[in-house]
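Enquirer: So that you have it, the file is upload_18.pdb, and it contains PDB, C-alpha atoms:
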```
ATOM      1  CA  GLN C   1    -180.443 -75.859 -12.087  1.00  0.00           C
ATOM      2  CA  VAL C   2    -180.006 -76.223 -15.829  1.00  0.00           C
ATOM      3  CA  GLN C   3    -176.622 -75.774 -17.491  1.00  0.00           C
ATOM      4  CA  LEU C   4    -176.483 -74.641 -21.112  1.00  0.00           C
ATOM      5  CA  VAL C   5    -173.674 -75.153 -23.612  1.00  0.00           C
ATOM      6  CA  GLU C   6    -173.709 -73.444 -27.000  1.00  0.00           C
ATOM      7  CA  SER C   7    -171.855 -74.775 -30.045  1.00  0.00           C
ATOM      8  CA  GLY C   8    -171.708 -74.460 -33.806  1.00  0.00           C
ATOM      9  CA  GLY C   9    -170.173 -71.047 -34.204  1.00  0.00           C
ATOM     10  CA  GLY C  10    -167.355 -70.273 -36.604  1.00  0.00           C
ATOM     11  CA  LEU C  11    -166.086 -68.096 -39.420  1.00  0.00           C
ATOM     12  CA  VAL C  12    -168.277 -67.794 -42.503  1.00  0.00           C
ATOM     13  CA  GLN C  13    -168.437 -65.509 -45.504  1.00  0.00           C
ATOM     14  CA  ALA C  14    -171.292 -63.083 -45.987  1.00  0.00           C
ATOM     15  CA  GLY C  15    -174.267 -64.883 -47.478  1.00  0.00           C
ATOM     16  CA  GLY C  16    -173.309 -68.150 -45.825  1.00  0.00           C
ATOM     17  CA  SER C  17    -175.069 -70.242 -43.195  1.00  0.00           C
ATOM     18  CA  LEU C  18    -174.426 -71.655 -39.761  1.00  0.00           C
ATOM     19  CA  ARG C  19    -176.446 -73.770 -37.360  1.00  0.00           C
ATOM     20  CA  LEU C  20    -175.989 -73.142 -33.662  1.00  0.00           C
ATOM     21  CA  SER C  21    -177.013 -75.626 -31.013  1.00  0.00           C
ATOM     22  CA  CYS C  22    -177.726 -75.207 -27.317  1.00  0.00           C
ATOM     23  CA  ALA C  23    -177.498 -78.360 -25.238  1.00  0.00           C
ATOM     24  CA  ALA C  24    -178.852 -78.571 -21.729  1.00  0.00           C
ATOM     25  CA  SER C  25    -177.865 -80.709 -18.795  1.00  0.00           C
ATOM     26  CA  GLY C  26    -178.949 -80.940 -15.204  1.00  0.00           C
ATOM     27  CA  ARG C  27    -182.625 -80.473 -15.966  1.00  0.00           C
ATOM     28  CA  THR C  28    -185.045 -80.914 -18.828  1.00  0.00           C
ATOM     29  CA  LEU C  29    -185.780 -77.896 -21.029  1.00  0.00           C
ATOM     30  CA  ARG C  30    -189.243 -79.077 -21.968  1.00  0.00           C
ATOM     31  CA  THR C  31    -190.984 -76.808 -19.463  1.00  0.00           C
ATOM     32  CA  TYR C  32    -189.058 -73.676 -20.384  1.00  0.00           C
ATOM     33  CA  ASP C  33    -189.523 -71.029 -23.017  1.00  0.00           C
ATOM     34  CA  MET C  34    -186.076 -70.392 -24.477  1.00  0.00           C
ATOM     35  CA  ALA C  35    -184.258 -67.657 -26.344  1.00  0.00           C
ATOM     36  CA  TRP C  36    -181.085 -66.809 -28.218  1.00  0.00           C
ATOM     37  CA  PHE C  37    -179.246 -63.539 -27.626  1.00  0.00           C
ATOM     38  CA  ARG C  38    -176.059 -62.140 -29.088  1.00  0.00           C
ATOM     39  CA  GLN C  39    -173.418 -59.649 -28.035  1.00  0.00           C
ATOM     40  CA  ALA C  40    -171.053 -57.859 -30.365  1.00  0.00           C
ATOM     41  CA  PRO C  41    -167.842 -56.234 -29.107  1.00  0.00           C
ATOM     42  CA  GLY C  42    -168.589 -52.988 -27.313  1.00  0.00           C
ATOM     43  CA  LYS C  43    -172.331 -53.478 -27.547  1.00  0.00           C
ATOM     44  CA  GLU C  44    -175.052 -54.616 -25.187  1.00  0.00           C
ATOM     45  CA  ARG C  45    -176.461 -58.125 -25.327  1.00  0.00           C
ATOM     46  CA  GLU C  46    -179.457 -58.156 -27.641  1.00  0.00           C
ATOM     47  CA  PHE C  47    -182.375 -60.450 -28.312  1.00  0.00           C
ATOM     48  CA  VAL C  48    -182.292 -62.628 -31.432  1.00  0.00           C
ATOM     49  CA  ALA C  49    -185.068 -65.235 -31.236  1.00  0.00           C
ATOM     50  CA  ALA C  50    -187.382 -66.980 -28.779  1.00  0.00           C
ATOM     51  CA  ILE C  51    -189.448 -70.157 -28.740  1.00  0.00           C
ATOM     52  CA  THR C  52    -192.148 -71.486 -26.433  1.00  0.00           C
ATOM     53  CA  TRP C  53    -191.681 -74.653 -24.392  1.00  0.00           C
ATOM     54  CA  SER C  54    -193.694 -76.651 -26.927  1.00  0.00           C
ATOM     55  CA  GLY C  55    -192.031 -75.126 -29.974  1.00  0.00           C
ATOM     56  CA  GLY C  56    -195.419 -73.986 -31.188  1.00  0.00           C
ATOM     57  CA  SER C  57    -194.652 -70.279 -31.258  1.00  0.00           C
ATOM     58  CA  THR C  58    -191.552 -68.290 -32.139  1.00  0.00           C
ATOM     59  CA  ALA C  59    -190.461 -64.657 -32.141  1.00  0.00           C
ATOM     60  CA  TYR C  60    -187.589 -62.876 -33.856  1.00  0.00           C
ATOM     61  CA  ALA C  61    -185.762 -59.600 -33.764  1.00  0.00           C
ATOM     62  CA  ASP C  62    -186.520 -57.523 -36.851  1.00  0.00           C
ATOM     63  CA  SER C  63    -182.855 -57.659 -37.849  1.00  0.00           C
ATOM     64  CA  VAL C  64    -182.922 -61.458 -38.293  1.00  0.00           C
ATOM     65  CA  LYS C  65    -186.536 -62.079 -39.323  1.00  0.00           C
ATOM     66  CA  GLY C  66    -186.708 -64.143 -42.495  1.00  0.00           C
ATOM     67  CA  ARG C  67    -183.064 -65.249 -42.185  1.00  0.00           C
ATOM     68  CA  PHE C  68    -182.873 -67.058 -38.843  1.00  0.00           C
ATOM     69  CA  THR C  69    -185.004 -69.945 -37.570  1.00  0.00           C
ATOM     70  CA  ILE C  70    -185.203 -71.109 -33.972  1.00  0.00           C
ATOM     71  CA  SER C  71    -186.270 -74.671 -33.212  1.00  0.00           C
ATOM     72  CA  ARG C  72    -186.108 -77.170 -30.390  1.00  0.00           C
ATOM     73  CA  ASP C  73    -186.038 -80.892 -29.760  1.00  0.00           C
ATOM     74  CA  ASN C  74    -187.303 -81.576 -26.253  1.00  0.00           C
ATOM     75  CA  ALA C  75    -186.437 -85.251 -26.532  1.00  0.00           C
ATOM     76  CA  LYS C  76    -182.794 -84.310 -27.097  1.00  0.00           C
ATOM     77  CA  ASN C  77    -182.925 -81.340 -24.699  1.00  0.00           C
ATOM     78  CA  THR C  78    -181.613 -78.955 -27.347  1.00  0.00           C
ATOM     79  CA  VAL C  79    -182.522 -75.617 -28.891  1.00  0.00           C
ATOM     80  CA  ASP C  80    -181.075 -74.708 -32.286  1.00  0.00           C
ATOM     81  CA  LEU C  81    -180.668 -71.533 -34.313  1.00  0.00           C
ATOM     82  CA  GLU C  82    -180.414 -71.892 -38.074  1.00  0.00           C
ATOM     83  CA  MET C  83    -178.802 -68.782 -39.567  1.00  0.00           C
ATOM     84  CA  ASN C  84    -178.926 -68.105 -43.295  1.00  0.00           C
ATOM     85  CA  SER C  85    -177.904 -65.167 -45.497  1.00  0.00           C
ATOM     86  CA  LEU C  86    -175.461 -64.082 -42.837  1.00  0.00           C
ATOM     87  CA  LYS C  87    -174.212 -60.500 -42.808  1.00  0.00           C
ATOM     88  CA  PRO C  88    -171.085 -58.976 -41.255  1.00  0.00           C
ATOM     89  CA  GLU C  89    -173.334 -57.222 -38.716  1.00  0.00           C
ATOM     90  CA  ASP C  90    -174.374 -60.669 -37.413  1.00  0.00           C
ATOM     91  CA  THR C  91    -170.864 -61.078 -36.008  1.00  0.00           C
ATOM     92  CA  ALA C  92    -171.179 -61.609 -32.252  1.00  0.00           C
ATOM     93  CA  VAL C  93    -171.021 -64.130 -29.444  1.00  0.00           C
ATOM     94  CA  TYR C  94    -174.326 -66.018 -29.415  1.00  0.00           C
ATOM     95  CA  PHE C  95    -175.918 -67.216 -26.171  1.00  0.00           C
ATOM     96  CA  CYS C  96    -178.952 -69.299 -25.359  1.00  0.00           C
ATOM     97  CA  ALA C  97    -180.916 -68.720 -22.184  1.00  0.00           C
ATOM     98  CA  VAL C  98    -183.952 -69.813 -20.208  1.00  0.00           C
ATOM     99  CA  ASP C  99    -186.928 -67.484 -19.895  1.00  0.00           C
ATOM    100  CA  ARG C 100    -187.207 -67.233 -16.136  1.00  0.00           C
ATOM    101  CA  GLN C 101    -190.577 -65.509 -16.360  1.00  0.00           C
ATOM    102  CA  SER C 102    -192.209 -67.832 -18.925  1.00  0.00           C
ATOM    103  CA  ALA C 103    -193.738 -64.702 -20.393  1.00  0.00           C
ATOM    104  CA  PHE C 104    -193.582 -65.418 -24.115  1.00  0.00           C
ATOM    105  CA  TYR C 105    -197.173 -64.335 -24.801  1.00  0.00           C
ATOM    106  CA  THR C 106    -197.178 -61.276 -22.548  1.00  0.00           C
ATOM    107  CA  ARG C 107    -193.670 -59.992 -22.953  1.00  0.00           C
ATOM    108  CA  HIS C 108    -193.260 -56.548 -24.532  1.00  0.00           C
ATOM    109  CA  SER C 109    -189.489 -56.622 -24.637  1.00  0.00           C
ATOM    110  CA  TYR C 110    -186.651 -59.060 -24.285  1.00  0.00           C
ATOM    111  CA  SER C 111    -184.340 -57.896 -21.552  1.00  0.00           C
ATOM    112  CA  PRO C 112    -181.392 -60.174 -20.779  1.00  0.00           C
ATOM    113  CA  ALA C 113    -182.193 -59.598 -17.094  1.00  0.00           C
ATOM    114  CA  ASP C 114    -185.370 -61.681 -17.518  1.00  0.00           C
ATOM    115  CA  PHE C 115    -183.406 -64.689 -18.747  1.00  0.00           C
ATOM    116  CA  GLY C 116    -180.976 -67.000 -16.996  1.00  0.00           C
ATOM    117  CA  SER C 117    -178.773 -70.074 -17.043  1.00  0.00           C
ATOM    118  CA  TRP C 118    -176.494 -68.411 -19.588  1.00  0.00           C
ATOM    119  CA  GLY C 119    -173.917 -70.568 -21.284  1.00  0.00           C
ATOM    120  CA  GLN C 120    -170.421 -69.466 -22.291  1.00  0.00           C
ATOM    121  CA  GLY C 121    -171.581 -68.534 -25.768  1.00  0.00           C
ATOM    122  CA  THR C 122    -170.303 -69.428 -29.218  1.00  0.00           C
ATOM    123  CA  GLN C 123    -168.501 -66.981 -31.510  1.00  0.00           C
ATOM    124  CA  VAL C 124    -169.947 -66.249 -34.948  1.00  0.00           C
ATOM    125  CA  THR C 125    -167.799 -64.216 -37.318  1.00  0.00           C
ATOM    126  CA  VAL C 126    -169.096 -63.169 -40.737  1.00  0.00           C
ATOM    127  CA  SER C 127    -166.535 -61.802 -43.165  1.00  0.00           C
ATOM    128  CA  SER C 128    -167.449 -59.413 -45.956  1.00  0.00           C
TER     129      SER C 128
END
```
Could you quickly redo this structure as structure tokens?
Expert:
Amino acid sequence: QVQLVESGGGLVQAGGSLRLSCAASGRTLRTYDMAWFRQAPGKEREFVAAITWSGGSTAYADSVKGRFTISRDNAKNTVDLEMNSLKPEDTAVYFCAVDRQSAFYTRHSYSPADFGSWGQGTQVTVSS
């Protein structure tokens, strides 16, 4: 069983940047497709970005495309999310998760129910 711990969140002004990191323990991440989700107060958890086990392919929600970049370092067992040009609507708790179905190339949607090993999340707050 893999345990995930997110870090790097904080308070930033609109237009600023943050880099989130997801560190794994208990098992290597190198065989897993991974994803970042976020959850704002009173809203459902939503997909942000995904990356294949090799890092060769990525996918993004339309709302973050062109501003966020997901990457991974399998040697360090980490998955990062670089966030630029942040907006107040990006305010949320950010989570990383393992794709339990390994369905990156066939997936039509990103339901949180298809992902697992959720960490505690890291809070990102963007002020206007």
Enquirer: Sort by chain and increasing residue number a table of all residues of region 83-113 of chain C within 8 Å of region 60-77 of chain C, each with its closest pair of atoms and their distance in Å to one decimal, counting only C-alpha atoms, and write it as a Markdown table.
Expert:
```
| residue | atom | partner | partner_atom | distance |
| --- | --- | --- | --- | --- |
| C:Met83 | CA | C:Phe68 | CA | 4.5 |
| C:Asn84 | CA | C:Arg67 | CA | 5.1 |
| C:Ser85 | CA | C:Arg67 | CA | 6.1 |
| C:Leu86 | CA | C:Arg67 | CA | 7.7 |
```
Enquirer: Restricting the calculation to all atoms listed in the file: of C:Trp53, C:Phe37, C:Tyr32, C:Phe95, which residue gets closest to Ser111 (chain C)?
Expert: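 Answer, going by the shortest atom-to-atom distance: C:Phe37.
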Enquirer: What does the distance from CA of Gly42 (chain C) to CA of Phe104 (chain C) come to in Å, to one decimal?
Expert: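 Computed distance, CA of Gly42 (chain C) to CA of Phe104 (chain C), equals 28.1 Å.
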Enquirer: Apply the PyMOL selection byres ((chain C and resi 101) around 9) to the structure shown and report the selected residues as JSON, numbers by chain.
Expert: {"C": [33, 98, 99, 100, 102, 103, 104, 114, 115]}
Enquirer: Can you translate the PyMOL selection byres ((chain C and resi 15) around 12) into the concrete residues it hits in this file, as a list in words?
Expert: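 Given this file, the PyMOL selection byres ((chain C and resi 15) around 12) evaluates to Leu11, Val12, Gln13, Ala14, Gly16, Ser17, Leu18, Arg67, Met83, Asn84, Ser85, Leu86, Lys87, Pro88, Glu89, Asp90, Val126, Ser127 and Ser128 of chain C.
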Enquirer: Could you turn the residues from that selection into a file that holds C-alpha atoms, as a CSV table (one decimal), in the frame of the given file?
Expert:
```csv
chain,number,residue,atom,x,y,z
C,11,LEU,CA,-166.1,-68.1,-39.4
C,12,VAL,CA,-168.3,-67.8,-42.5
C,13,GLN,CA,-168.4,-65.5,-45.5
C,14,ALA,CA,-171.3,-63.1,-46.0
C,16,GLY,CA,-173.3,-68.2,-45.8
C,17,SER,CA,-175.1,-70.2,-43.2
C,18,LEU,CA,-174.4,-71.7,-39.8
C,67,ARG,CA,-183.1,-65.2,-42.2
C,83,MET,CA,-178.8,-68.8,-39.6
C,84,ASN,CA,-178.9,-68.1,-43.3
C,85,SER,CA,-177.9,-65.2,-45.5
C,86,LEU,CA,-175.5,-64.1,-42.8
C,87,LYS,CA,-174.2,-60.5,-42.8
C,88,PRO,CA,-171.1,-59.0,-41.3
C,89,GLU,CA,-173.3,-57.2,-38.7
C,90,ASP,CA,-174.4,-60.7,-37.4
C,126,VAL,CA,-169.1,-63.2,-40.7
C,127,SER,CA,-166.5,-61.8,-43.2
C,128,SER,CA,-167.4,-59.4,-46.0
```
Enquirer: Near Pro41 (chain C), counting only C-alpha atoms, which residues have an atom at most 10 Å away, once you skip same-chain residues fewer than 6 positions from it, shown as a PyMOL selection string?
Expert: chain C and resi 91-93
Enquirer: Can those selected residues be exported to a file as an mmCIF file, in the coordinates of the input so that it contains C-alpha atoms?
Expert:
```
data_model
loop_
_atom_site.group_PDB
_atom_site.id
_atom_site.type_symbol
_atom_site.label_atom_id
_atom_site.label_comp_id
_atom_site.auth_asym_id
_atom_site.auth_seq_id
_atom_site.Cartn_x
_atom_site.Cartn_y
_atom_site.Cartn_z
ATOM 1 C CA THR C 91 -170.864 -61.078 -36.008
ATOM 2 C CA ALA C 92 -171.179 -61.609 -32.252
ATOM 3 C CA VAL C 93 -171.021 -64.130 -29.444
#
```
Enquirer: For CA of Glu46 (chain C) and CA of Thr28 (chain C), quote the distance in Å rounded to one decimal.
Expert: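 Between CA of Glu46 (chain C) and CA of Thr28 (chain C) the gap is 25.0 Å.
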Enquirer: Calculated over all atoms listed in the file, which of the candidates C:Tyr94, C:His108, C:Gly119, C:Ser21 has the smallest distance to Trp36 (chain C)?
Expert: C:Tyr94
Enquirer: Between C:Thr31, C:Gln123, C:Leu4, C:Pro112, which one has atoms that come closest to Ser54 (chain C), using only C-alpha atoms?
Expert: C:Thr31
Enquirer: Using all atoms listed in the file and a cutoff of 7 Å, can you tell me which residues are near (-174.2, -77.7, -18.9) in the file's coordinates, and write them out as a VMD selection string?
Expert: chain C and resid 2 to 5 24 to 26
Enquirer: Which residue is closest to Ser109 (chain C)? Choose from C:Ala23, C:Phe47, C:Gly9, C:Leu29 and count only C-alpha atoms.
Expert: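 So, comparing all the options, the nearest one is C:Phe47.
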Enquirer: So how far away is CA of Cys22 (chain C) from CA of Gln120 (chain C), in Å?
Expert: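 Between CA of Gln120 (chain C) and CA of Cys22 (chain C) the gap works out to 10.6 Å.
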Enquirer: Exactly which residues make up the result of the PyMOL selection byres ((chain C and resi 97) around 6) on this file, given as a PyMOL selection string?
Expert: chain C and resi 34-35+96+98+115-118
Enquirer: To box region 17-20 of chain C, take all atoms listed in the file, fit an axis-aligned box, add 6 Å on each side, and give centre and edge lengths in Å to one decimal, as AutoDock Vina command-line options.
Expert:
```
--center_x -175.4 --center_y -72.0 --center_z -38.4 --size_x 14.0 --size_y 15.5 --size_z 21.5
```
Enquirer: Given all atoms listed in the file as the basis, pick out the residue of C:Ala113, C:Ala59, C:Leu20, C:Ala50 nearest to Thr78 (chain C).
Expert: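 With all atoms listed in the file as the atom set, the closest residue is C:Leu20.
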Enquirer: Output requested as a PDB file, in the coordinates of the input - region 85-99 of chain C, filled out with N, CA and C atoms.
Expert:
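Dumped to selection-v4.pdb:
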```pdb
ATOM      1  N   SER C  85    -178.152 -66.503 -44.934  1.00  0.00           N
ATOM      2  CA  SER C  85    -177.904 -65.167 -45.497  1.00  0.00           C
ATOM      3  C   SER C  85    -177.192 -64.279 -44.488  1.00  0.00           C
ATOM      4  N   LEU C  86    -176.162 -64.809 -43.898  1.00  0.00           N
ATOM      5  CA  LEU C  86    -175.461 -64.082 -42.837  1.00  0.00           C
ATOM      6  C   LEU C  86    -174.803 -62.814 -43.357  1.00  0.00           C
ATOM      7  N   LYS C  87    -174.786 -61.798 -42.493  1.00  0.00           N
ATOM      8  CA  LYS C  87    -174.212 -60.500 -42.808  1.00  0.00           C
ATOM      9  C   LYS C  87    -173.087 -60.191 -41.824  1.00  0.00           C
ATOM     10  N   PRO C  88    -172.154 -59.336 -42.203  1.00  0.00           N
ATOM     11  CA  PRO C  88    -171.085 -58.976 -41.255  1.00  0.00           C
ATOM     12  C   PRO C  88    -171.630 -58.445 -39.929  1.00  0.00           C
ATOM     13  N   GLU C  89    -172.761 -57.758 -39.948  1.00  0.00           N
ATOM     14  CA  GLU C  89    -173.334 -57.222 -38.716  1.00  0.00           C
ATOM     15  C   GLU C  89    -173.927 -58.304 -37.810  1.00  0.00           C
ATOM     16  N   ASP C  90    -173.959 -59.556 -38.269  1.00  0.00           N
ATOM     17  CA  ASP C  90    -174.374 -60.669 -37.413  1.00  0.00           C
ATOM     18  C   ASP C  90    -173.223 -61.177 -36.559  1.00  0.00           C
ATOM     19  N   THR C  91    -172.023 -60.667 -36.787  1.00  0.00           N
ATOM     20  CA  THR C  91    -170.864 -61.078 -36.008  1.00  0.00           C
ATOM     21  C   THR C  91    -171.069 -60.750 -34.530  1.00  0.00           C
ATOM     22  N   ALA C  92    -170.941 -61.765 -33.687  1.00  0.00           N
ATOM     23  CA  ALA C  92    -171.179 -61.609 -32.252  1.00  0.00           C
ATOM     24  C   ALA C  92    -170.941 -62.948 -31.561  1.00  0.00           C
ATOM     25  N   VAL C  93    -170.940 -62.899 -30.237  1.00  0.00           N
ATOM     26  CA  VAL C  93    -171.021 -64.130 -29.444  1.00  0.00           C
ATOM     27  C   VAL C  93    -172.507 -64.411 -29.220  1.00  0.00           C
ATOM     28  N   TYR C  94    -172.921 -65.624 -29.516  1.00  0.00           N
ATOM     29  CA  TYR C  94    -174.326 -66.018 -29.415  1.00  0.00           C
ATOM     30  C   TYR C  94    -174.534 -66.873 -28.166  1.00  0.00           C
ATOM     31  N   PHE C  95    -175.587 -66.543 -27.426  1.00  0.00           N
ATOM     32  CA  PHE C  95    -175.918 -67.216 -26.171  1.00  0.00           C
ATOM     33  C   PHE C  95    -177.348 -67.738 -26.221  1.00  0.00           C
ATOM     34  N   CYS C  96    -177.573 -68.885 -25.601  1.00  0.00           N
ATOM     35  CA  CYS C  96    -178.952 -69.299 -25.359  1.00  0.00           C
ATOM     36  C   CYS C  96    -179.248 -69.109 -23.870  1.00  0.00           C
ATOM     37  N   ALA C  97    -180.527 -69.009 -23.555  1.00  0.00           N
ATOM     38  CA  ALA C  97    -180.916 -68.720 -22.184  1.00  0.00           C
ATOM     39  C   ALA C  97    -182.339 -69.186 -21.919  1.00  0.00           C
ATOM     40  N   VAL C  98    -182.626 -69.399 -20.669  1.00  0.00           N
ATOM     41  CA  VAL C  98    -183.952 -69.813 -20.208  1.00  0.00           C
ATOM     42  C   VAL C  98    -184.769 -68.582 -19.854  1.00  0.00           C
ATOM     43  N   ASP C  99    -186.023 -68.565 -20.277  1.00  0.00           N
ATOM     44  CA  ASP C  99    -186.928 -67.484 -19.895  1.00  0.00           C
ATOM     45  C   ASP C  99    -187.390 -67.731 -18.467  1.00  0.00           C
TER      46      ASP C  99
END
```
